[in-house]
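S.K.: Input: one structure, supplied below.
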Amino acid sequence: VTIGGPASNDFDAGWQGLTGKDRIPSSREVQSVLGEASLLLYLGVGPLFTTISPQLVASLKVPQLQLAVLLDRCETAEAQRRQSKLDTLELPELLSLREAWATAALLSLRGANAVLLNQWATDQATNHTIAVGLVKDGVLG
C-alpha cells in the first residue's frame with residue numbers, strides 16, 4: 001500500500017506519505033494524507049477500495065489532488081480467497097464501487113483532476129515495474 005508516497009527504496013526519498021511497508025495505514029491516516037496530497041500513488045493487492053473504504057473517499061474533498069495513479073488489482077489466489085470471504089459481508093452497492101470506472105468516477109467527483117488505473121487484474125511484479133518506471137523516468141518524480 002502506498003498512499004501519497006513510495007513503498008520501496010526504488011523511489012525518491014523526498015516523497016512524503018504512507019507506505020504501508022510495516023502495516024496497513026488506518027483510515028484516519030489515509031484521510032489525513034489524502035486530504036493534503038497532490039499525488040496519490042497506490043500500489044497494492046486488489047482494488048483500492050478493498051484497502052480503504054469508499055465511504056472514506058466519498059467524504060473527502062481533494063481538489064489539490066492532481067493525479068491518482070492506482071496500480072492495484074494484483075490478484076493472487078490467497079488474496080482472492082480472503083477477499084471473497086470478506087465480500088460476503090458487504091452490500092452489493094459498495095462492491096460495485098470497486099469497478100475501475102466507479103473508482104475513477106468517485107475520485108474525480110471528490111476533486112481529483114486525473115485518475116490512471118488498471119482496468120484488469122495484473123501481477124505485483126508488473127505493477128512494481130510500472131511504478132518504478134513512472135518515478136525514475138520523471139513522470140511522477
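Going through the C-alpha cells in order, the chains are called A, B, and so on, while each chain numbers its residues from 1 and the ligands are numbered from 1 in the order shown.
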Using only C-alpha atoms, which protein or nucleic acid residues come within 8 Å of segment 49-56 of chain A? Drop anything in the same chain fewer than 6 positions from it, and give the result as a list in words.
M.R.: Ser27, Val30, Gln31, Gln83, Leu94, Leu97, Arg98 and Thr103 of chain A
S.K.: Since we have the selection now, will you write its residues out, keeping N, CA and C atoms, as a compact mmCIF listing (two decimals), in the first residue's frame?
M.R.:
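Printed below is again-v9.txt as written:
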# COMPACT_ATOMS: atom_id res chain seq x y z
N SER A 27 -7.62 4.26 8.69
CA SER A 27 -8.48 5.14 7.91
C SER A 27 -8.18 6.60 8.22
N VAL A 30 -5.00 7.61 6.37
CA VAL A 30 -5.27 7.74 4.94
C VAL A 30 -6.03 9.04 4.67
N GLN A 31 -7.03 9.30 5.47
CA GLN A 31 -7.84 10.50 5.30
C GLN A 31 -6.99 11.75 5.44
N GLN A 83 -10.47 -12.14 0.16
CA GLN A 83 -11.39 -11.07 -0.19
C GLN A 83 -12.79 -11.60 -0.45
N LEU A 94 -21.69 -1.30 -2.48
CA LEU A 94 -20.31 -0.98 -2.13
C LEU A 94 -19.33 -1.81 -2.96
N LEU A 97 -18.53 -0.32 -6.36
CA LEU A 97 -17.61 0.82 -6.38
C LEU A 97 -16.17 0.39 -6.60
N ARG A 98 -15.90 -0.91 -6.55
CA ARG A 98 -14.54 -1.41 -6.79
C ARG A 98 -14.23 -1.54 -8.28
N THR A 103 -14.42 3.58 -9.41
CA THR A 103 -13.33 4.12 -8.58
C THR A 103 -12.86 5.45 -9.16
S.K.: How far is it from atom CA of Gln64 of chain A to atom CA of Leu18 of chain A, in Å with one decimal?
M.R.: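 Computing the Euclidean distance for atom CA of Gln64 of chain A and atom CA of Leu18 of chain A yields 17.5 Å.
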S.K.: Ala68 of chain A: which residues within 6 Å, counting only C-alpha atoms, same-chain residues fewer than 5 positions away excluded, as an mmCIF file with C-alpha atoms, in the first residue's frame?
M.R.:
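Final output, saved to around00.cif:
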data_model
loop_
_atom_site.group_PDB
_atom_site.id
_atom_site.type_symbol
_atom_site.label_atom_id
_atom_site.label_comp_id
_atom_site.auth_asym_id
_atom_site.auth_seq_id
_atom_site.Cartn_x
_atom_site.Cartn_y
_atom_site.Cartn_z
ATOM 1 C CA LEU A 39 -0.360 12.956 -5.998
ATOM 2 C CA LEU A 40 -1.659 9.559 -4.946
ATOM 3 C CA VAL A 115 -7.007 9.080 -12.466
#
S.K.: Which residues are close to Gln124 of chain A, i.e. within 10 Å by only C-alpha atoms, leaving aside same-chain residues fewer than 6 positions away? Reply as a PyMOL selection string.
M.R.: chain A and resi 43-45+71-76+130
S.K.: Write the residues you've just listed into a file as a tab-separated table (two decimals), in the first residue's frame, and include all heavy atoms for each of them.
M.R.:
chain	number	residue	atom	x	y	z
A	43	LEU	N	-0.06	1.30	-4.77
A	43	LEU	CA	0.47	0.05	-5.30
A	43	LEU	C	0.04	-1.03	-4.33
A	43	LEU	O	0.55	-1.11	-3.21
A	43	LEU	CB	2.01	0.14	-5.39
A	43	LEU	CG	2.78	-1.06	-5.92
A	43	LEU	CD1	2.37	-1.38	-7.34
A	43	LEU	CD2	4.27	-0.76	-5.86
A	44	GLY	N	-0.95	-1.84	-4.72
A	44	GLY	CA	-1.48	-2.79	-3.76
A	44	GLY	C	-2.20	-3.97	-4.40
A	44	GLY	O	-2.46	-4.00	-5.59
A	45	VAL	N	-2.50	-4.94	-3.55
A	45	VAL	CA	-3.23	-6.14	-3.97
A	45	VAL	C	-4.72	-5.82	-3.95
A	45	VAL	O	-5.22	-5.23	-3.02
A	45	VAL	CB	-2.92	-7.31	-3.02
A	45	VAL	CG1	-3.73	-8.54	-3.39
A	45	VAL	CG2	-1.44	-7.62	-3.03
A	71	LEU	N	-2.14	1.49	-9.11
A	71	LEU	CA	-1.56	0.25	-9.63
A	71	LEU	C	-2.02	-0.86	-8.70
A	71	LEU	O	-1.28	-1.36	-7.86
A	71	LEU	CB	-0.03	0.36	-9.72
A	71	LEU	CG	0.46	1.46	-10.66
A	71	LEU	CD1	1.95	1.63	-10.54
A	71	LEU	CD2	0.05	1.16	-12.09
A	72	ASP	N	-3.27	-1.20	-8.85
A	72	ASP	CA	-3.90	-2.19	-7.97
A	72	ASP	C	-4.32	-3.41	-8.78
A	72	ASP	O	-3.77	-3.67	-9.83
A	72	ASP	CB	-5.08	-1.56	-7.22
A	72	ASP	CG	-6.16	-1.01	-8.14
A	72	ASP	OD1	-6.03	-1.10	-9.38
A	72	ASP	OD2	-7.15	-0.47	-7.62
A	73	ARG	N	-5.25	-4.15	-8.26
A	73	ARG	CA	-5.80	-5.34	-8.91
A	73	ARG	C	-4.74	-6.42	-9.15
A	73	ARG	O	-4.76	-7.12	-10.15
A	73	ARG	CB	-6.52	-4.97	-10.21
A	73	ARG	CG	-7.62	-3.96	-9.96
A	73	ARG	CD	-8.32	-3.50	-11.19
A	73	ARG	NE	-9.10	-2.32	-10.88
A	73	ARG	CZ	-10.25	-2.32	-10.23
A	73	ARG	NH1	-10.78	-3.45	-9.81
A	73	ARG	NH2	-10.88	-1.20	-9.98
A	74	CYS	N	-3.78	-6.52	-8.21
A	74	CYS	CA	-2.77	-7.60	-8.25
A	74	CYS	C	-3.41	-8.82	-7.60
A	74	CYS	O	-3.47	-8.92	-6.38
A	74	CYS	CB	-1.53	-7.22	-7.46
A	74	CYS	SG	-0.73	-5.73	-8.00
A	75	GLU	N	-3.91	-9.70	-8.38
A	75	GLU	CA	-4.64	-10.84	-7.86
A	75	GLU	C	-3.73	-12.03	-7.58
A	75	GLU	O	-2.90	-12.39	-8.41
A	75	GLU	CB	-5.74	-11.26	-8.83
A	75	GLU	CG	-6.78	-10.18	-9.10
A	75	GLU	CD	-7.60	-9.80	-7.88
A	75	GLU	OE1	-7.72	-10.60	-6.94
A	75	GLU	OE2	-8.13	-8.68	-7.88
A	76	THR	N	-3.88	-12.59	-6.40
A	76	THR	CA	-3.25	-13.85	-6.06
A	76	THR	C	-4.37	-14.77	-5.56
A	76	THR	O	-5.41	-14.28	-5.11
A	76	THR	CB	-2.19	-13.71	-4.95
A	76	THR	OG1	-2.83	-13.27	-3.75
A	76	THR	CG2	-1.10	-12.70	-5.35
A	130	ILE	N	6.09	-0.90	-13.34
A	130	ILE	CA	5.46	0.31	-13.87
A	130	ILE	C	5.66	1.48	-12.91
A	130	ILE	O	6.01	2.59	-13.34
A	130	ILE	CB	3.96	0.07	-14.13
A	130	ILE	CG1	3.78	-0.91	-15.28
A	130	ILE	CG2	3.23	1.38	-14.42
A	130	ILE	CD1	2.36	-1.43	-15.44
S.K.: List every residue of chain A that DSSP, applied to the backbone of this structure, assigns to helix (DSSP H, G or I), and report them as a PyMOL selection string.
M.R.: chain A and resi 27-34+48-51+54-58+77-87+92-96+100-109+124-136
S.K.: From the list A:Val69, A:Ala104, A:Leu134, A:Val33, which residue is nearest Leu116 of chain A when using only C-alpha atoms?
M.R.: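 Using only C-alpha atoms, the shortest distance to Leu116 of chain A belongs to A:Val69.
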S.K.: Would you mind writing down, as an MDAnalysis selection string, each residue of chain A that DSSP on the backbone assigns to strand (DSSP E or B)?
M.R.: chainID A and resid 3 18 39:43 67:71 74 115:117 122
S.K.: For a quick check of understanding, using only C-alpha atoms, which of A:Ala77, A:Ala37, A:Val135, A:Ile24 has the smallest distance to Leu60 of chain A?
M.R.: A:Ala37
S.K.: Using only C-alpha atoms, which of A:Leu41, A:Leu89, A:Ala105, A:Leu48 sits nearest Gln66 of chain A?
M.R.: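 Among A:Leu41, A:Leu89, A:Ala105, A:Leu48, it is A:Leu41 that comes nearest to Gln66 of chain A.
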